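Have a look at work02.cif; it's mmCIF, C-alpha atoms:
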data_input
#
loop_
_atom_site.group_PDB
_atom_site.id
_atom_site.type_symbol
_atom_site.label_atom_id
_atom_site.label_comp_id
_atom_site.auth_asym_id
_atom_site.auth_seq_id
_atom_site.Cartn_x
_atom_site.Cartn_y
_atom_site.Cartn_z
ATOM 1 C CA MET Z 1 -141.447 -133.425 123.298
ATOM 2 C CA ALA Z 2 -141.289 -132.389 119.701
ATOM 3 C CA LEU Z 3 -138.959 -134.985 118.349
ATOM 4 C CA PRO Z 4 -137.675 -134.845 114.780
ATOM 5 C CA ARG Z 5 -139.615 -137.867 113.744
ATOM 6 C CA SER Z 6 -138.665 -138.130 110.134
ATOM 7 C CA ASN Z 7 -135.034 -138.883 110.816
ATOM 8 C CA TYR Z 8 -135.389 -142.158 112.607
ATOM 9 C CA ASP Z 9 -138.967 -143.230 112.206
ATOM 10 C CA PRO Z 10 -138.691 -146.951 111.430
ATOM 11 C CA ARG Z 11 -141.674 -146.780 109.131
ATOM 12 C CA ARG Z 12 -139.658 -144.635 106.771
ATOM 13 C CA VAL Z 13 -137.238 -147.413 105.920
ATOM 14 C CA CYS Z 14 -138.882 -148.550 102.746
ATOM 15 C CA LEU Z 15 -140.303 -145.247 101.629
ATOM 16 C CA ASN Z 16 -137.402 -144.010 99.584
ATOM 17 C CA PRO Z 17 -135.423 -146.826 98.074
ATOM 18 C CA PHE Z 18 -133.543 -144.467 95.758
ATOM 19 C CA PRO Z 19 -130.914 -142.044 97.037
ATOM 20 C CA GLU Z 20 -132.536 -138.968 95.606
ATOM 21 C CA PHE Z 21 -131.779 -136.445 98.272
ATOM 22 C CA THR Z 22 -128.046 -136.750 97.935
ATOM 23 C CA LEU Z 23 -128.157 -135.067 94.548
ATOM 24 C CA GLY Z 24 -130.750 -132.508 95.528
ATOM 25 C CA LYS Z 25 -132.487 -130.522 92.884
ATOM 26 C CA HIS Z 26 -129.968 -131.382 90.188
ATOM 27 C CA ARG Z 27 -131.279 -134.896 90.135
ATOM 28 C CA ARG Z 28 -133.592 -134.298 87.212
ATOM 29 C CA THR Z 29 -130.853 -132.584 85.215
ATOM 30 C CA LEU Z 30 -128.384 -135.367 85.879
ATOM 31 C CA GLY Z 31 -130.947 -137.990 85.017
ATOM 32 C CA VAL Z 32 -131.765 -136.366 81.695
ATOM 33 C CA TYR Z 33 -128.082 -136.016 80.814
ATOM 34 C CA LEU Z 34 -127.465 -139.633 81.766
ATOM 35 C CA ALA Z 35 -130.407 -140.786 79.692
ATOM 36 C CA GLY Z 36 -129.136 -138.887 76.657
ATOM 37 C CA ALA Z 37 -125.673 -140.310 77.123
ATOM 38 C CA LEU Z 38 -127.043 -143.838 77.359
ATOM 39 C CA PHE Z 39 -129.164 -143.237 74.267
ATOM 40 C CA ALA Z 40 -126.183 -142.104 72.240
ATOM 41 C CA LEU Z 41 -124.046 -144.902 73.622
ATOM 42 C CA ALA Z 42 -126.639 -147.476 72.631
ATOM 43 C CA ASN Z 43 -126.834 -146.252 69.082
ATOM 44 C CA TRP Z 44 -123.099 -145.872 68.734
ATOM 45 C CA THR Z 45 -122.578 -149.429 69.915
ATOM 46 C CA PHE Z 46 -124.667 -150.669 67.055
ATOM 47 C CA MET Z 47 -123.161 -148.205 64.577
ATOM 48 C CA ASP Z 48 -119.769 -149.528 65.633
ATOM 49 C CA ALA Z 49 -120.833 -153.015 64.646
ATOM 50 C CA ALA Z 50 -122.278 -151.775 61.353
ATOM 51 C CA ILE Z 51 -119.181 -149.763 60.428
ATOM 52 C CA LEU Z 52 -116.937 -152.612 61.501
ATOM 53 C CA SER Z 53 -118.898 -154.969 59.299
ATOM 54 C CA ALA Z 54 -118.599 -152.638 56.342
ATOM 55 C CA HIS Z 55 -114.806 -152.614 56.705
ATOM 56 C CA ALA Z 56 -114.409 -156.250 57.764
ATOM 57 C CA LYS Z 57 -111.762 -158.541 56.358
ATOM 58 C CA ALA Z 58 -111.711 -162.319 56.256
ATOM 59 C CA PRO Z 59 -110.705 -163.940 59.579
ATOM 60 C CA TYR Z 60 -107.271 -165.426 60.204
ATOM 61 C CA GLY Z 61 -106.555 -168.700 58.473
ATOM 62 C CA ALA Z 62 -109.132 -168.216 55.771
ATOM 63 C CA PRO Z 63 -108.010 -167.501 52.231
ATOM 64 C CA PRO Z 64 -107.786 -163.744 51.991
ATOM 65 C CA ASP Z 65 -109.583 -163.315 48.689
ATOM 66 C CA GLU Z 66 -112.916 -164.493 50.044
ATOM 67 C CA GLY Z 67 -114.771 -161.948 52.109
ATOM 68 C CA PRO Z 68 -116.029 -162.175 55.660
ATOM 69 C CA PRO Z 69 -118.637 -164.868 56.190
ATOM 70 C CA VAL Z 70 -121.346 -162.622 57.545
ATOM 71 C CA HIS Z 71 -122.331 -158.977 57.374
ATOM 72 C CA VAL Z 72 -124.647 -156.718 59.296
ATOM 73 C CA THR Z 73 -127.765 -156.668 57.168
ATOM 74 C CA PHE Z 74 -131.208 -155.179 57.541
ATOM 75 C CA VAL Z 75 -132.221 -158.006 59.878
ATOM 76 C CA ASP Z 76 -129.824 -156.597 62.443
ATOM 77 C CA TRP Z 77 -131.335 -153.146 62.162
ATOM 78 C CA VAL Z 78 -134.919 -154.261 62.868
ATOM 79 C CA PRO Z 79 -134.614 -154.755 66.680
ATOM 80 C CA GLY Z 80 -132.962 -151.364 67.054
ATOM 81 C CA ILE Z 81 -135.702 -149.718 65.025
ATOM 82 C CA CYS Z 82 -138.335 -151.418 67.192
ATOM 83 C CA SER Z 83 -136.604 -150.180 70.334
ATOM 84 C CA LEU Z 84 -136.365 -146.648 68.974
ATOM 85 C CA LEU Z 85 -140.070 -146.626 68.105
ATOM 86 C CA GLY Z 86 -140.860 -147.856 71.597
ATOM 87 C CA TYR Z 87 -138.627 -145.134 73.018
ATOM 88 C CA LEU Z 88 -140.572 -142.501 71.103
ATOM 89 C CA VAL Z 89 -143.950 -143.892 72.126
ATOM 90 C CA ILE Z 90 -143.031 -144.081 75.810
ATOM 91 C CA ASN Z 91 -141.671 -140.574 75.905
ATOM 92 C CA LEU Z 92 -144.556 -139.004 74.028
ATOM 93 C CA ILE Z 93 -147.015 -139.985 76.778
ATOM 94 C CA ASP Z 94 -147.969 -137.370 79.289
ATOM 95 C CA LYS Z 95 -146.820 -138.766 82.604
ATOM 96 C CA ASP Z 96 -149.707 -137.282 84.551
ATOM 97 C CA ARG Z 97 -152.209 -139.213 82.507
ATOM 98 C CA ILE Z 98 -150.803 -142.522 83.628
ATOM 99 C CA ARG Z 99 -151.307 -141.853 87.266
ATOM 100 C CA GLY Z 100 -154.869 -140.857 86.580
ATOM 101 C CA ASP Z 101 -155.778 -139.722 90.048
ATOM 102 C CA GLU Z 102 -156.369 -136.112 89.150
ATOM 103 C CA GLY Z 103 -159.440 -136.658 87.067
ATOM 104 C CA PHE Z 104 -158.350 -134.864 83.956
ATOM 105 C CA GLY Z 105 -161.070 -135.097 81.379
ATOM 106 C CA ASP Z 106 -162.607 -138.495 81.112
ATOM 107 C CA SER Z 107 -161.453 -141.705 82.609
ATOM 108 C CA ARG Z 108 -160.930 -143.302 79.240
ATOM 109 C CA ALA Z 109 -157.924 -141.055 78.675
ATOM 110 C CA VAL Z 110 -156.105 -142.903 81.440
ATOM 111 C CA TRP Z 111 -157.029 -146.194 79.853
ATOM 112 C CA ARG Z 112 -155.765 -145.064 76.464
ATOM 113 C CA ALA Z 113 -152.561 -143.667 77.936
ATOM 114 C CA ARG Z 114 -151.913 -146.970 79.646
ATOM 115 C CA LEU Z 115 -152.586 -148.799 76.425
ATOM 116 C CA PHE Z 116 -150.044 -146.671 74.586
ATOM 117 C CA LEU Z 117 -147.558 -147.108 77.397
ATOM 118 C CA PHE Z 118 -148.047 -150.836 77.114
ATOM 119 C CA ILE Z 119 -147.483 -150.658 73.365
ATOM 120 C CA GLY Z 120 -144.295 -148.691 73.917
ATOM 121 C CA PHE Z 121 -142.906 -151.097 76.458
ATOM 122 C CA ALA Z 122 -143.952 -154.020 74.288
ATOM 123 C CA LEU Z 123 -142.013 -152.491 71.384
ATOM 124 C CA MET Z 124 -138.934 -152.084 73.547
ATOM 125 C CA ALA Z 125 -139.186 -155.581 74.954
ATOM 126 C CA GLY Z 126 -139.785 -156.852 71.444
ATOM 127 C CA GLY Z 127 -136.637 -155.095 70.323
ATOM 128 C CA LEU Z 128 -134.676 -156.733 73.118
ATOM 129 C CA ALA Z 129 -136.124 -160.148 72.368
ATOM 130 C CA GLY Z 130 -135.508 -159.647 68.662
ATOM 131 C CA SER Z 131 -131.888 -158.709 69.231
ATOM 132 C CA VAL Z 132 -131.353 -161.830 71.326
ATOM 133 C CA THR Z 133 -133.060 -163.829 68.578
ATOM 134 C CA VAL Z 134 -130.758 -162.376 65.948
ATOM 135 C CA LEU Z 135 -127.743 -163.050 68.149
ATOM 136 C CA VAL Z 136 -128.660 -166.688 68.666
ATOM 137 C CA LEU Z 137 -130.056 -167.580 65.267
ATOM 138 C CA LYS Z 138 -127.755 -165.620 63.031
ATOM 139 C CA TYR Z 139 -124.445 -165.622 64.862
ATOM 140 C CA ILE Z 140 -124.145 -168.216 67.612
ATOM 141 C CA LEU Z 141 -125.858 -171.169 65.947
ATOM 142 C CA ASN Z 142 -123.856 -170.695 62.759
ATOM 143 C CA GLY Z 143 -120.643 -170.880 64.738
ATOM 144 C CA TYR Z 144 -118.923 -167.768 63.467
ATOM 145 C CA PRO Z 145 -115.666 -166.692 65.123
ATOM 146 C CA GLU Z 146 -115.797 -164.187 67.914
ATOM 147 C CA GLN Z 147 -114.943 -161.294 65.627
ATOM 148 C CA PHE Z 148 -118.343 -161.719 63.988
ATOM 149 C CA THR Z 149 -120.519 -162.686 66.957
ATOM 150 C CA TYR Z 150 -119.588 -159.233 68.258
ATOM 151 C CA TYR Z 151 -122.202 -157.839 65.878
ATOM 152 C CA GLY Z 152 -124.910 -159.780 67.700
ATOM 153 C CA TYR Z 153 -123.650 -158.778 71.128
ATOM 154 C CA ALA Z 154 -123.566 -155.145 70.051
ATOM 155 C CA ASN Z 155 -127.171 -155.469 68.958
ATOM 156 C CA VAL Z 156 -128.221 -156.875 72.338
ATOM 157 C CA SER Z 157 -126.332 -154.202 74.222
ATOM 158 C CA GLN Z 158 -127.976 -151.529 72.097
ATOM 159 C CA SER Z 159 -131.402 -152.741 73.166
ATOM 160 C CA VAL Z 160 -130.374 -153.078 76.802
ATOM 161 C CA ALA Z 161 -128.891 -149.582 76.886
ATOM 162 C CA LEU Z 162 -131.994 -148.124 75.247
ATOM 163 C CA MET Z 163 -134.124 -149.748 77.947
ATOM 164 C CA LEU Z 164 -131.848 -148.394 80.670
ATOM 165 C CA SER Z 165 -132.067 -144.969 79.087
ATOM 166 C CA VAL Z 166 -135.865 -145.088 79.109
ATOM 167 C CA ILE Z 167 -135.868 -146.151 82.752
ATOM 168 C CA VAL Z 168 -133.469 -143.401 83.792
ATOM 169 C CA LEU Z 169 -135.404 -140.779 81.853
ATOM 170 C CA TRP Z 170 -138.699 -141.958 83.304
ATOM 171 C CA LEU Z 171 -137.425 -141.936 86.877
ATOM 172 C CA SER Z 172 -135.757 -138.560 86.579
ATOM 173 C CA GLN Z 173 -138.809 -136.934 85.032
ATOM 174 C CA ASN Z 174 -141.335 -138.605 87.275
ATOM 175 C CA THR Z 175 -139.756 -137.765 90.584
ATOM 176 C CA SER Z 176 -139.720 -134.032 90.099
ATOM 177 C CA SER Z 177 -142.819 -133.728 92.247
ATOM 178 C CA GLU Z 178 -141.134 -132.998 95.491
ATOM 179 C CA TYR Z 179 -141.870 -135.466 98.220
ATOM 180 C CA GLU Z 180 -144.156 -138.036 96.776
ATOM 181 C CA TYR Z 181 -142.458 -140.776 94.883
ATOM 182 C CA ASN Z 182 -145.036 -143.166 93.619
ATOM 183 C CA LEU Z 183 -143.503 -145.314 90.947
ATOM 184 C CA THR Z 184 -146.475 -147.622 90.865
ATOM 185 C CA LEU Z 185 -147.948 -147.181 87.450
ATOM 186 C CA MET G 1 -110.903 -107.226 85.566
ATOM 187 C CA ALA G 2 -107.354 -108.400 85.200
ATOM 188 C CA ALA G 3 -108.385 -111.858 86.340
ATOM 189 C CA GLY G 4 -111.139 -111.862 83.726
ATOM 190 C CA LEU G 5 -108.676 -110.848 81.036
ATOM 191 C CA ARG G 6 -106.275 -113.559 82.116
ATOM 192 C CA THR G 7 -109.111 -116.091 82.063
ATOM 193 C CA VAL G 8 -110.081 -115.097 78.554
ATOM 194 C CA ILE G 9 -106.493 -115.364 77.323
ATOM 195 C CA LEU G 10 -106.027 -118.734 78.990
ATOM 196 C CA LEU G 11 -109.273 -120.062 77.576
ATOM 197 C CA SER G 12 -108.486 -118.896 74.062
ATOM 198 C CA PHE G 13 -105.081 -120.545 74.348
ATOM 199 C CA VAL G 14 -106.700 -123.825 75.424
ATOM 200 C CA LEU G 15 -109.189 -123.543 72.571
ATOM 201 C CA ALA G 16 -106.365 -123.057 70.109
ATOM 202 C CA VAL G 17 -104.545 -126.097 71.505
ATOM 203 C CA GLY G 18 -107.706 -128.143 71.166
ATOM 204 C CA PHE G 19 -108.215 -127.187 67.546
ATOM 205 C CA LEU G 20 -104.516 -127.750 66.891
ATOM 206 C CA LEU G 21 -104.800 -131.297 68.233
ATOM 207 C CA ILE G 22 -107.859 -132.036 66.119
ATOM 208 C CA ILE G 23 -106.376 -130.607 62.941
ATOM 209 C CA LEU G 24 -103.092 -132.420 63.567
ATOM 210 C CA SER G 25 -104.951 -135.672 64.069
ATOM 211 C CA CYS G 26 -106.477 -135.124 60.643
ATOM 212 C CA ALA G 27 -103.459 -133.820 58.798
ATOM 213 C CA LEU G 28 -100.823 -136.238 60.053
ATOM 214 C CA TRP G 29 -102.644 -139.231 58.626
ATOM 215 C CA GLN G 30 -104.191 -137.498 55.607
ATOM 216 C CA ASN G 31 -107.658 -138.466 56.768
ATOM 217 C CA TRP G 32 -110.016 -135.637 57.498
ATOM 218 C CA LEU G 33 -112.789 -137.604 59.187
ATOM 219 C CA PRO G 34 -111.777 -136.581 62.752
ATOM 220 C CA LEU G 35 -112.727 -133.036 61.859
ATOM 221 C CA LEU G 36 -116.301 -134.159 62.509
ATOM 222 C CA VAL G 37 -115.363 -134.307 66.189
ATOM 223 C CA ALA G 38 -114.652 -130.583 66.222
ATOM 224 C CA LEU G 39 -117.978 -129.935 64.534
ATOM 225 C CA THR G 40 -119.797 -132.098 67.070
ATOM 226 C CA PHE G 41 -118.242 -130.448 70.080
ATOM 227 C CA VAL G 42 -118.876 -126.987 68.692
ATOM 228 C CA LEU G 43 -122.522 -127.890 68.141
ATOM 229 C CA ALA G 44 -122.870 -129.562 71.556
ATOM 230 C CA PRO G 45 -123.722 -126.497 73.685
ATOM 231 C CA LEU G 46 -126.154 -125.214 71.074
ATOM 232 C CA PRO G 47 -129.315 -127.140 72.131
ATOM 233 C CA ASN G 48 -128.910 -126.082 75.750
ATOM 234 C CA ALA G 49 -128.478 -122.484 74.704
ATOM 235 C CA LEU G 50 -131.524 -122.613 72.451
ATOM 236 C CA PHE G 51 -133.893 -124.435 74.766
ATOM 237 C CA SER G 52 -132.894 -122.695 77.971
ATOM 238 C CA HIS G 53 -135.112 -119.769 77.025
ATOM 239 C CA CYS G 54 -138.147 -122.037 76.828
ATOM 240 C CA GLY G 55 -137.900 -123.011 80.452
ATOM 241 C CA GLY G 56 -140.072 -120.395 82.082
ATOM 242 C CA ASP G 57 -138.897 -117.788 84.529
ATOM 243 C CA GLU G 58 -136.166 -118.095 87.104
ATOM 244 C CA LEU G 59 -138.482 -118.800 90.000
ATOM 245 C CA SER G 60 -139.915 -122.016 88.693
ATOM 246 C CA SER G 61 -137.073 -123.241 86.541
ATOM 247 C CA GLY G 62 -135.010 -124.536 89.431
ATOM 248 C CA TYR G 63 -137.617 -126.902 90.666
ATOM 249 C CA GLU G 64 -139.962 -127.939 87.962
ATOM 250 C CA GLY G 65 -138.057 -128.539 84.788
ATOM 251 C CA SER G 66 -139.952 -128.196 81.570
ATOM 252 C CA ALA G 67 -139.934 -130.517 78.626
ATOM 253 C CA PRO G 68 -138.015 -128.287 76.134
ATOM 254 C CA VAL G 69 -135.193 -127.799 78.638
ATOM 255 C CA ASP G 70 -135.049 -131.525 79.134
ATOM 256 C CA LEU G 71 -134.981 -132.048 75.383
ATOM 257 C CA GLY G 72 -132.078 -129.624 75.097
ATOM 258 C CA ARG G 73 -130.132 -131.461 77.769
ATOM 259 C CA PHE G 74 -130.900 -134.787 76.162
ATOM 260 C CA ILE G 75 -129.609 -133.600 72.780
ATOM 261 C CA THR G 76 -126.544 -132.078 74.419
ATOM 262 C CA ALA G 77 -125.701 -135.373 76.079
ATOM 263 C CA ILE G 78 -126.160 -137.130 72.752
ATOM 264 C CA PHE G 79 -123.748 -134.701 71.078
ATOM 265 C CA VAL G 80 -121.115 -135.061 73.780
ATOM 266 C CA VAL G 81 -121.203 -138.847 73.733
ATOM 267 C CA THR G 82 -121.152 -138.757 69.935
ATOM 268 C CA GLY G 83 -118.061 -136.586 69.995
ATOM 269 C CA PHE G 84 -116.255 -139.050 72.210
ATOM 270 C CA SER G 85 -117.467 -142.241 70.589
ATOM 271 C CA LEU G 86 -117.108 -141.275 66.932
ATOM 272 C CA PRO G 87 -113.290 -141.426 66.886
ATOM 273 C CA ILE G 88 -113.355 -144.635 68.929
ATOM 274 C CA VAL G 89 -115.708 -146.240 66.442
ATOM 275 C CA LEU G 90 -113.662 -145.027 63.498
ATOM 276 C CA ALA G 91 -110.450 -146.284 65.073
ATOM 277 C CA HIS G 92 -112.073 -149.604 65.889
ATOM 278 C CA SER G 93 -112.797 -150.267 62.237
ATOM 279 C CA HIS G 94 -109.330 -149.008 61.212
ATOM 280 C CA VAL G 95 -110.675 -146.065 59.267
ATOM 281 C CA ILE G 96 -108.464 -143.720 61.268
ATOM 282 C CA ASP G 97 -105.331 -144.412 63.259
ATOM 283 C CA ALA G 98 -105.498 -145.122 66.999
ATOM 284 C CA LYS G 99 -103.204 -142.167 67.735
ATOM 285 C CA ALA G 100 -105.419 -139.906 65.655
ATOM 286 C CA CYS G 101 -108.357 -141.152 67.699
ATOM 287 C CA ALA G 102 -106.650 -140.255 70.976
ATOM 288 C CA MET G 103 -105.558 -136.861 69.673
ATOM 289 C CA SER G 104 -108.983 -135.931 68.371
ATOM 290 C CA ILE G 105 -110.654 -137.021 71.608
ATOM 291 C CA ALA G 106 -108.224 -134.917 73.644
ATOM 292 C CA GLY G 107 -108.684 -131.951 71.330
ATOM 293 C CA GLY G 108 -112.441 -132.243 71.370
ATOM 294 C CA GLY G 109 -112.470 -132.502 75.144
ATOM 295 C CA LEU G 110 -110.356 -129.351 75.369
ATOM 296 C CA VAL G 111 -112.653 -127.471 73.001
ATOM 297 C CA TYR G 112 -115.763 -128.520 74.890
ATOM 298 C CA ALA G 113 -114.201 -127.769 78.269
ATOM 299 C CA THR G 114 -113.298 -124.324 76.966
ATOM 300 C CA ILE G 115 -116.849 -123.655 75.913
ATOM 301 C CA LEU G 116 -118.202 -124.856 79.253
ATOM 302 C CA ALA G 117 -115.711 -122.829 81.279
ATOM 303 C CA TYR G 118 -116.328 -119.737 79.192
ATOM 304 C CA SER G 119 -120.081 -119.860 79.627
ATOM 305 C CA ALA G 120 -119.720 -120.592 83.336
ATOM 306 C CA ALA G 121 -117.373 -117.634 83.829
ATOM 307 C CA PHE G 122 -119.707 -115.278 82.016
ATOM 308 C CA LYS G 123 -122.710 -116.501 83.948
ATOM 309 C CA GLN G 124 -120.967 -115.707 87.238
ATOM 310 C CA GLU G 125 -119.996 -112.245 86.086
ATOM 311 C CA GLU G 126 -123.547 -111.495 85.036
ATOM 312 C CA SER G 127 -125.012 -112.623 88.330
ATOM 313 C CA ASP G 128 -122.684 -110.323 90.214
ATOM 314 C CA TYR G 129 -124.455 -107.308 88.799
ATOM 315 C CA ASP G 130 -127.897 -108.397 89.953
#

Render the structure in this file as structure tokens.
Amino acid sequence: MALPRSNYDPRRVCLNPFPEFTLGKHRRTLGVYLAGALFALANWTFMDAAILSAHAKAPYGAPPDEGPPVHVTFVDWVPGICSLLGYLVINLIDKDRIRGDEGFGDSRAVWRARLFLFIGFALMAGGLAGSVTVLVLKYILNGYPEQFTYYGYANVSQSVALMLSVIVLWLSQNTSSEYEYNLTL
Amino acid sequence: MAAGLRTVILLSFVLAVGFLLIILSCALWQNWLPLLVALTFVLAPLPNALFSHCGGDELSSGYEGSAPVDLGRFITAIFVVTGFSLPIVLAHSHVIDAKACAMSIAGGGLVYATILAYSAAFKQEESDYD
């Protein structure tokens, strides 16, 4: 009565919420490529806003000799820089230290790794919050036309895409251990 | 061998068409910024080629990827997305024409596809000898 248990065992329902076996062993490769693509896309979204602002004209109806009412300034760059720093910090951490069940070295290494991971995620979340702040305070509340509030939306989408990129990279690098998928930090 | 020769001739033809499209997209509008796309797509396979030798031997490389290989793939993806998004960004801010944007994207895609197909063809031929 050797039944192939793993195919229909009802306890297995919640074990693998991600469809990882459909992609097989190329999953890690695809994840890394996707993360790089998202990273570049995030930065190009913001660069698009910056370049657009550098070449912007006055909106319709305004007298053409006065320039556009708002430009991308250094304030807009700060959330992106925060997110990039957080990206670096998160990816410089050794993933095995976080799990901390192997007993490498001392136990304070796990604590420190978690602290740095927290700092990294706090930087990324701070970048996202800062981009939303810039969008609301600088663009929406001043009532600029839609041509100019695009700068703020580009900033927010840069932060969101950087976060997605970190998540994809983390998942694809963490799940390379074959059958055990513990995403609990 | 004849099939290999035909493949090489076809690929070189496609490469020439790709470069022709990129150079036309620059020359027709007297704006040589789209030439950066060609540079980007030529540089795109370089990180993979460099870092693939850091990945350990063939037995372990399929399963347990190493960090340098991942870094190479990450940089490659950044280059590819840069190559596609640079002309779009430039066309969005009216630095280059929209038609030049389309032409340079098509040309860059052809160049990169040529490089990919060429390396894939050579990899298959090498593995036949093993």

Practice item. List the residues selected by the PyMOL selection byres ((chain G and resi 25) around 8) in the file shown, writing them as a ChimeraX atom specification. Key: /G:21-24,26-29,34,99-101,103-104

**Study point:** Sel. within 9 Å of pt (-131.6, -156.7, 73.7), counting all atoms listed in the file, output as a list in words
**Key:**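 Residues with an atom at most 9 Å from (-131.6, -156.7, 73.7): Pro79, Gly80, Ser83, Met124, Ala125, Gly126, Gly127, Leu128, Ala129, Gly130, Ser131, Val132, Thr133, Tyr153, Ala154, Asn155, Val156, Ser157, Gln158, Ser159, Val160, Ala161, Leu162 and Met163 of chain Z.
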
Using 12 Å as the limit and counting all atoms listed in the file, can you tabulate each residue of chain Z that touches chain G, with its shortest atom-to-atom distance in Å and the two atoms involved, as JSON lines?
{"residue": "Z:Gly24", "atom": "CA", "partner": "G:Tyr63", "partner_atom": "CA", "distance": 10.1}
{"residue": "Z:Lys25", "atom": "CA", "partner": "G:Tyr63", "partner_atom": "CA", "distance": 6.7}
{"residue": "Z:His26", "atom": "CA", "partner": "G:Gly62", "partner_atom": "CA", "distance": 8.5}
{"residue": "Z:Arg27", "atom": "CA", "partner": "G:Tyr63", "partner_atom": "CA", "distance": 10.2}
{"residue": "Z:Arg28", "atom": "CA", "partner": "G:Gly65", "partner_atom": "CA", "distance": 7.7}
{"residue": "Z:Thr29", "atom": "CA", "partner": "G:Asp70", "partner_atom": "CA", "distance": 7.5}
{"residue": "Z:Leu30", "atom": "CA", "partner": "G:Arg73", "partner_atom": "CA", "distance": 9.2}
{"residue": "Z:Gly31", "atom": "CA", "partner": "G:Phe74", "partner_atom": "CA", "distance": 9.4}
{"residue": "Z:Val32", "atom": "CA", "partner": "G:Phe74", "partner_atom": "CA", "distance": 5.8}
{"residue": "Z:Tyr33", "atom": "CA", "partner": "G:Ala77", "partner_atom": "CA", "distance": 5.3}
{"residue": "Z:Leu34", "atom": "CA", "partner": "G:Ala77", "partner_atom": "CA", "distance": 7.3}
{"residue": "Z:Ala35", "atom": "CA", "partner": "G:Phe74", "partner_atom": "CA", "distance": 7.0}
{"residue": "Z:Gly36", "atom": "CA", "partner": "G:Phe74", "partner_atom": "CA", "distance": 4.5}
{"residue": "Z:Ala37", "atom": "CA", "partner": "G:Ala77", "partner_atom": "CA", "distance": 5.0}
{"residue": "Z:Leu38", "atom": "CA", "partner": "G:Ile78", "partner_atom": "CA", "distance": 8.2}
{"residue": "Z:Phe39", "atom": "CA", "partner": "G:Ile78", "partner_atom": "CA", "distance": 7.0}
{"residue": "Z:Ala40", "atom": "CA", "partner": "G:Ile78", "partner_atom": "CA", "distance": 5.0}
{"residue": "Z:Leu41", "atom": "CA", "partner": "G:Val81", "partner_atom": "CA", "distance": 6.7}
{"residue": "Z:Ala42", "atom": "CA", "partner": "G:Val81", "partner_atom": "CA", "distance": 10.3}
{"residue": "Z:Asn43", "atom": "CA", "partner": "G:Thr82", "partner_atom": "CA", "distance": 9.4}
{"residue": "Z:Trp44", "atom": "CA", "partner": "G:Ser85", "partner_atom": "CA", "distance": 7.0}
{"residue": "Z:Thr45", "atom": "CA", "partner": "G:Val89", "partner_atom": "CA", "distance": 8.3}
{"residue": "Z:Phe46", "atom": "CA", "partner": "G:Val89", "partner_atom": "CA", "distance": 10.0}
{"residue": "Z:Met47", "atom": "CA", "partner": "G:Val89", "partner_atom": "CA", "distance": 7.9}
{"residue": "Z:Asp48", "atom": "CA", "partner": "G:Val89", "partner_atom": "CA", "distance": 5.3}
{"residue": "Z:Ala49", "atom": "CA", "partner": "G:Val89", "partner_atom": "CA", "distance": 8.7}
{"residue": "Z:Ala50", "atom": "CA", "partner": "G:Ser93", "partner_atom": "CA", "distance": 9.6}
{"residue": "Z:Ile51", "atom": "CA", "partner": "G:Ser93", "partner_atom": "CA", "distance": 6.7}
{"residue": "Z:Leu52", "atom": "CA", "partner": "G:Ser93", "partner_atom": "CA", "distance": 4.8}
{"residue": "Z:Ser53", "atom": "CA", "partner": "G:Ser93", "partner_atom": "CA", "distance": 8.2}
{"residue": "Z:Ala54", "atom": "CA", "partner": "G:Ser93", "partner_atom": "CA", "distance": 8.6}
{"residue": "Z:His55", "atom": "CA", "partner": "G:Ser93", "partner_atom": "CA", "distance": 6.3}
{"residue": "Z:Ala56", "atom": "CA", "partner": "G:Ser93", "partner_atom": "CA", "distance": 7.6}
{"residue": "Z:Lys57", "atom": "CA", "partner": "G:Ser93", "partner_atom": "CA", "distance": 10.2}
{"residue": "Z:Asn91", "atom": "CA", "partner": "G:Ala67", "partner_atom": "CA", "distance": 10.6}
{"residue": "Z:Leu92", "atom": "CA", "partner": "G:Ala67", "partner_atom": "CA", "distance": 10.7}
{"residue": "Z:Ile93", "atom": "CA", "partner": "G:Ala67", "partner_atom": "CA", "distance": 12.0}
{"residue": "Z:Asp94", "atom": "CA", "partner": "G:Ala67", "partner_atom": "CA", "distance": 10.6}
{"residue": "Z:Lys95", "atom": "CA", "partner": "G:Ala67", "partner_atom": "CA", "distance": 11.5}
{"residue": "Z:Gln147", "atom": "CA", "partner": "G:Ser93", "partner_atom": "CA", "distance": 11.7}
{"residue": "Z:Ser165", "atom": "CA", "partner": "G:Phe74", "partner_atom": "CA", "distance": 10.7}
{"residue": "Z:Val166", "atom": "CA", "partner": "G:Phe74", "partner_atom": "CA", "distance": 11.8}
{"residue": "Z:Val168", "atom": "CA", "partner": "G:Phe74", "partner_atom": "CA", "distance": 11.8}
{"residue": "Z:Leu169", "atom": "CA", "partner": "G:Phe74", "partner_atom": "CA", "distance": 9.4}
{"residue": "Z:Trp170", "atom": "CA", "partner": "G:Asp70", "partner_atom": "CA", "distance": 11.8}
{"residue": "Z:Ser172", "atom": "CA", "partner": "G:Asp70", "partner_atom": "CA", "distance": 10.3}
{"residue": "Z:Gln173", "atom": "CA", "partner": "G:Gly65", "partner_atom": "CA", "distance": 8.4}
{"residue": "Z:Asn174", "atom": "CA", "partner": "G:Glu64", "partner_atom": "CA", "distance": 10.8}
{"residue": "Z:Thr175", "atom": "CA", "partner": "G:Glu64", "partner_atom": "CA", "distance": 10.2}
{"residue": "Z:Ser176", "atom": "CA", "partner": "G:Glu64", "partner_atom": "CA", "distance": 6.5}
{"residue": "Z:Ser177", "atom": "CA", "partner": "G:Glu64", "partner_atom": "CA", "distance": 7.7}
{"residue": "Z:Glu178", "atom": "CA", "partner": "G:Tyr63", "partner_atom": "CA", "distance": 8.5}

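We find atom CA of Tyr144 of chain Z and atom CA of His71 of chain Z to be spaced 11.2 Å apart.
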
Extending 4 Å beyond the listed atoms of segment 85-93 of chain G on each side, what axis-aligned box results? I want centre and edge lengths in Å to one decimal, as JSON.
{"center_x": -114.0, "center_y": -145.8, "center_z": 66.4, "size_x": 15.0, "size_y": 17.0, "size_z": 16.4}
